[in-house]
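Data first, discussion second: the structure below is written as structure tokens.
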Amino acid sequence: MSGFERRQGTLHGDGVSLVELGDRHGTPLYVYSGSALLGAYDAYAAAFAPVPHRICYALKANSSGGLLRLLAGRGAGADIVSGGELQAALRAGFPPERIVFSGVGKTDAEIRLGLEAGIGEFNAESEDEIRRLSSIAAGLGLTARVTLRVNPDIDPRSHPYISTGLRENKFGVAIDAAPAILDRVRALPGVEVSGVQCHIGSQVTDLGALEQAAGALVALTRSLLGRGFPLHTIDIGGGLGVDYDGTGAATPADLAARVLPAVAGLPLRLLLEPGRSIVARAGVLLARVIGIKDNGARRFVIVDAGMNDLLRPSLYEAFHRIEPVVDRGGAAGVVDVVGPVCESGDFLARERALPPVAVGELVAVRDAGAYGFSMASNYNMRPRAAEVLVENGQARVIRRRETFEDLVRTEVAE
Ligand SMILES: Cc1ncc(COP(=O)(O)O)c(C=O)c1O
């Protein structure tokens with residue numbers, strides 16, 4: 001469920017007309033459906049209910065407070081990768097013990113923040129990081145619960161920029177090296193080895209790869225338990241892909257069917273770190289058509305949202321469905337949908353069949369809830385978009401549009 005549907009030809013989100021929202025709040029505008037967000041979380045919780053588990057939502061996908069508060073209130077945990085995300089998670093009400101701290105380059109200051117907050121687990125990426133955790137925690141008189149991230153060398157068959165589980169990637173330690181590392185660190189002061197973790201990539205649509213990675217993690221866990229490690233968790237990361245083309249994708253229930261047989265019976269809590277599959281479909285980016293031009297070779301629909309608002313098409317050549325908010329009918333034409341940023345790489349879609357749209361009309365970029373606003377920038381001195389959450393026919397602004405003053409606020413005048 002996406003939470004967005006047409007009523008008399010006009011796209012609505014949780015019962016609210018997107019035309020109304022575009023007129024009232026301006027564009028570009030991110031609009032999120034609360035029912036779709038919570039529905040996606042609930043699908044995970046239901047699918048993994050047969051075993052002790054925790055769904056730790058990956059904040060990197062979208063860390064807007066209004067959405068985080070909904071998820072925290074629903075019982076989700078949080079997967080964070082920076083001190084900023086830690087503060088955002090705590091501010092939104094995630095209990096510290098439900099927070100796991102991932103990330104390949106945690107600074108000492110970030111480790112200290114996590115320790116002082118009493119977070120559930122640090123997903124350590126190397127032996128060196130565990131030693132650093134040990135000395136900082138011991139210095140503070142605290143204990144860090146540590147999960148070692150392993151790299152199972154499995155190809156997730158996703159975009160190379162978001163593949164993380166291959167030997168050539170910077171993440172984790174080689175899975176074969178994990179037992180020896182854990183033997184060396186198990187007696188260190190200030191750390192308690194609580195499990196192993198892996199995350200092989202994002203936008204993974206091949207369930208076989210996720211199943212294989214979980215299987216490798218289960219085998220490692222069983223051997224560590226057999227050698228007397230008192231483990232508490234097994235963390236299979238996130239990564240489940242989304243059907244950006246709208247043709248249907250694997251669900252959390254499909255994932256659970258592949259993973260649960262292997263973990264059933266383990267005396268541990270299963271952790272997952274989904275981001276994209278919880279929030280992607282719950283968001284659209286609304287943009288208004290500024291101009292239409294034909295240069296002979298191509299027809300361009302120029303809209304007021306660009307790569308600074310939604311980077312995915314430019315960065316990964318990612319596909320997002322784009323639809324006129326008001327369907328006026330008529331034959332589709334092939335166009336490039338581009339933004340106003342001064343880069344030829346600033347496009348939302350290329351050579352795309354788009355139904356007729358006129359200057360001044362709205363288009364909706366679908367499935368933009370994940371890695372949309374969270375990757376937005378001020379490139380070209382463009383204020384970042386506002387964000388609106390719709391729930392039960394009511395809309396509320398969860399982030400106002402930035403102003404020029406916001407853009408220069410951190411500059412220091414001579
Ligand atoms: C360690 C870790 N966990 C979870 C995620 C979330 O992945 P996704 O949004 O694909 O579910 C990521 C993102 O790649 C990650 O690096």
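Identifiers for the structure tokens are assigned positionally: chains receive A, B, ... in sequence, residues are indexed from 1 per chain, and ligands are indexed from 1 in the order shown.
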Please list as a count of residues only every residue within 7 Å of stretch 80-95 of chain A, counting only C-alpha atoms and excluding residues in the same chain fewer than 5 positions away. 12
Among the residues of stretch 138-373 of chain A, find those DSSP assigns to helix (DSSP H, G or I) from the backbone and print them as number ranges by chain. A: 138-140, 160-162, 175-185, 207-226, 252-263, 276-279, 312-316, 373
Quick one, how far is atom CA of A:Leu389 from atom CA of A:Pro274?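 A separation of 20.6 Å between them.
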Counting only C-alpha atoms, what are the residues of stretch 231-319 of chain A within 10 Å of stretch 331-340 of chain A, and for each of them which pair of atoms is the nearest and at what distance in Å, to one decimal? Sort the table by chain and rising number, as a tab-separated table.
residue	atom	partner	partner_atom	distance
A:Ala287	CA	A:Gly339	CA	9.4
A:Val289	CA	A:Val337	CA	9.4
A:Ile290	CA	A:Pro340	CA	8.9
A:Ile292	CA	A:Val337	CA	9.4
A:Lys293	CA	A:Val335	CA	9.7
A:Asp294	CA	A:Val335	CA	9.2
A:Arg298	CA	A:Val335	CA	6.8
A:Arg299	CA	A:Val335	CA	5.0
A:Phe300	CA	A:Asp336	CA	4.8
A:Val301	CA	A:Val337	CA	4.8
A:Ile302	CA	A:Val338	CA	5.0
A:Val303	CA	A:Gly339	CA	5.2
A:Asp304	CA	A:Gly339	CA	5.9
A:Ala305	CA	A:Gly339	CA	5.4
A:Gly306	CA	A:Gly339	CA	4.0
A:Met307	CA	A:Gly339	CA	6.9
A:Asn308	CA	A:Gly339	CA	9.1
A:Asp309	CA	A:Gly339	CA	9.3
A:Leu310	CA	A:Gly339	CA	9.9
With N, CA and C atoms retained, write the just-selected residues as a PDB file, in the first residue's frame.
ATOM      1  N   ALA A 287       6.098  18.521  -7.716  1.00  0.00           N
ATOM      2  CA  ALA A 287       6.834  19.593  -8.409  1.00  0.00           C
ATOM      3  C   ALA A 287       5.884  20.251  -9.398  1.00  0.00           C
ATOM      4  N   VAL A 289       5.358  22.355 -13.071  1.00  0.00           N
ATOM      5  CA  VAL A 289       5.994  22.538 -14.370  1.00  0.00           C
ATOM      6  C   VAL A 289       6.267  24.028 -14.583  1.00  0.00           C
ATOM      7  N   ILE A 290       7.557  24.332 -14.813  1.00  0.00           N
ATOM      8  CA  ILE A 290       7.972  25.730 -15.039  1.00  0.00           C
ATOM      9  C   ILE A 290       7.966  26.045 -16.532  1.00  0.00           C
ATOM     10  N   ILE A 292       8.229  24.168 -20.838  1.00  0.00           N
ATOM     11  CA  ILE A 292       8.334  23.008 -21.733  1.00  0.00           C
ATOM     12  C   ILE A 292       9.100  23.476 -22.957  1.00  0.00           C
ATOM     13  N   LYS A 293      10.137  22.756 -23.326  1.00  0.00           N
ATOM     14  CA  LYS A 293      10.848  23.185 -24.528  1.00  0.00           C
ATOM     15  C   LYS A 293      11.347  22.003 -25.340  1.00  0.00           C
ATOM     16  N   ASP A 294      11.460  22.276 -26.624  1.00  0.00           N
ATOM     17  CA  ASP A 294      11.830  21.275 -27.592  1.00  0.00           C
ATOM     18  C   ASP A 294      13.115  21.748 -28.230  1.00  0.00           C
ATOM     19  N   ARG A 298      15.233  16.507 -28.372  1.00  0.00           N
ATOM     20  CA  ARG A 298      14.532  16.077 -27.157  1.00  0.00           C
ATOM     21  C   ARG A 298      13.465  17.099 -26.779  1.00  0.00           C
ATOM     22  N   ARG A 299      12.451  16.624 -26.082  1.00  0.00           N
ATOM     23  CA  ARG A 299      11.440  17.513 -25.516  1.00  0.00           C
ATOM     24  C   ARG A 299      11.648  17.495 -23.997  1.00  0.00           C
ATOM     25  N   PHE A 300      11.809  18.685 -23.410  1.00  0.00           N
ATOM     26  CA  PHE A 300      12.085  18.782 -21.974  1.00  0.00           C
ATOM     27  C   PHE A 300      10.877  19.353 -21.238  1.00  0.00           C
ATOM     28  N   VAL A 301      10.509  18.682 -20.156  1.00  0.00           N
ATOM     29  CA  VAL A 301       9.537  19.257 -19.215  1.00  0.00           C
ATOM     30  C   VAL A 301      10.370  19.727 -18.029  1.00  0.00           C
ATOM     31  N   ILE A 302      10.433  21.057 -17.853  1.00  0.00           N
ATOM     32  CA  ILE A 302      11.274  21.615 -16.789  1.00  0.00           C
ATOM     33  C   ILE A 302      10.398  21.864 -15.565  1.00  0.00           C
ATOM     34  N   VAL A 303      10.800  21.223 -14.456  1.00  0.00           N
ATOM     35  CA  VAL A 303       9.993  21.351 -13.233  1.00  0.00           C
ATOM     36  C   VAL A 303      10.811  22.056 -12.152  1.00  0.00           C
ATOM     37  N   ASP A 304      10.131  22.434 -11.057  1.00  0.00           N
ATOM     38  CA  ASP A 304      10.836  23.215 -10.033  1.00  0.00           C
ATOM     39  C   ASP A 304      11.500  22.351  -8.960  1.00  0.00           C
ATOM     40  N   ALA A 305      11.575  21.045  -9.165  1.00  0.00           N
ATOM     41  CA  ALA A 305      12.350  20.175  -8.266  1.00  0.00           C
ATOM     42  C   ALA A 305      13.551  19.656  -9.045  1.00  0.00           C
ATOM     43  N   GLY A 306      14.708  19.657  -8.412  1.00  0.00           N
ATOM     44  CA  GLY A 306      15.909  19.228  -9.109  1.00  0.00           C
ATOM     45  C   GLY A 306      16.696  18.213  -8.318  1.00  0.00           C
ATOM     46  N   MET A 307      17.926  17.985  -8.789  1.00  0.00           N
ATOM     47  CA  MET A 307      18.789  16.977  -8.161  1.00  0.00           C
ATOM     48  C   MET A 307      19.123  17.331  -6.714  1.00  0.00           C
ATOM     49  N   ASN A 308      19.003  18.591  -6.352  1.00  0.00           N
ATOM     50  CA  ASN A 308      19.256  18.935  -4.946  1.00  0.00           C
ATOM     51  C   ASN A 308      18.102  18.466  -4.063  1.00  0.00           C
ATOM     52  N   ASP A 309      16.909  18.314  -4.661  1.00  0.00           N
ATOM     53  CA  ASP A 309      15.745  17.841  -3.898  1.00  0.00           C
ATOM     54  C   ASP A 309      15.675  16.311  -3.889  1.00  0.00           C
ATOM     55  N   LEU A 310      15.949  15.707  -5.034  1.00  0.00           N
ATOM     56  CA  LEU A 310      15.911  14.238  -5.165  1.00  0.00           C
ATOM     57  C   LEU A 310      17.106  13.837  -6.020  1.00  0.00           C
TER      58      LEU A 310
END
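Relative to atom CA of A:Val191, atom CA of A:Thr143 is found at 5.2 Å.
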What residues have any atom no more than 10 Å from ligand 1 when counting only C-alpha atoms and all ligand atoms, and can you list them as a ChimeraX atom specification? /A:56-62,78-81,100-104,123,125,149,161-165,171-172,197-204,235-242,272-280,370-371
Kindly indicate which residue among A:Asp153, A:Glu5, A:Glu411, A:Asp42 lies nearest to A:Pro252, using only C-alpha atoms for the distances.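 Among the listed residues, A:Asp42 lies closest to A:Pro252.
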Among the residues A:Gly75, A:Ser2, A:Pro383, A:Val19, the one that comes closest to A:Val363 [using only C-alpha atoms]: A:Val19
For atom CA of A:Leu270 and atom CA of A:Leu231, the interatomic separation in Å (one decimal):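 These atoms are spaced 11.4 Å apart.
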Shell of 10 Å around stretch 174-187 of chain A, only C-alpha atoms, local chain residues under 3 positions omitted, as an MDAnalysis selection string: chainID A and resid 126:128 130:131 134 147:153 165:167 171 190:193 195:196 198 216:217 220:221 223:224 227 229
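Shortest separation to A:Arg157 among A:Leu207, A:Gly26, A:Gly118, A:Leu133 occurs at residue A:Leu207, atoms counted being only C-alpha atoms.
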At a cut-off of 7 Å, using only C-alpha atoms, what residues contact stretch 44-49 of chain A? Leave out same-chain residues fewer than 4 positions from it and give the result as number ranges by chain. A: 40, 53, 55, 252-253, 256
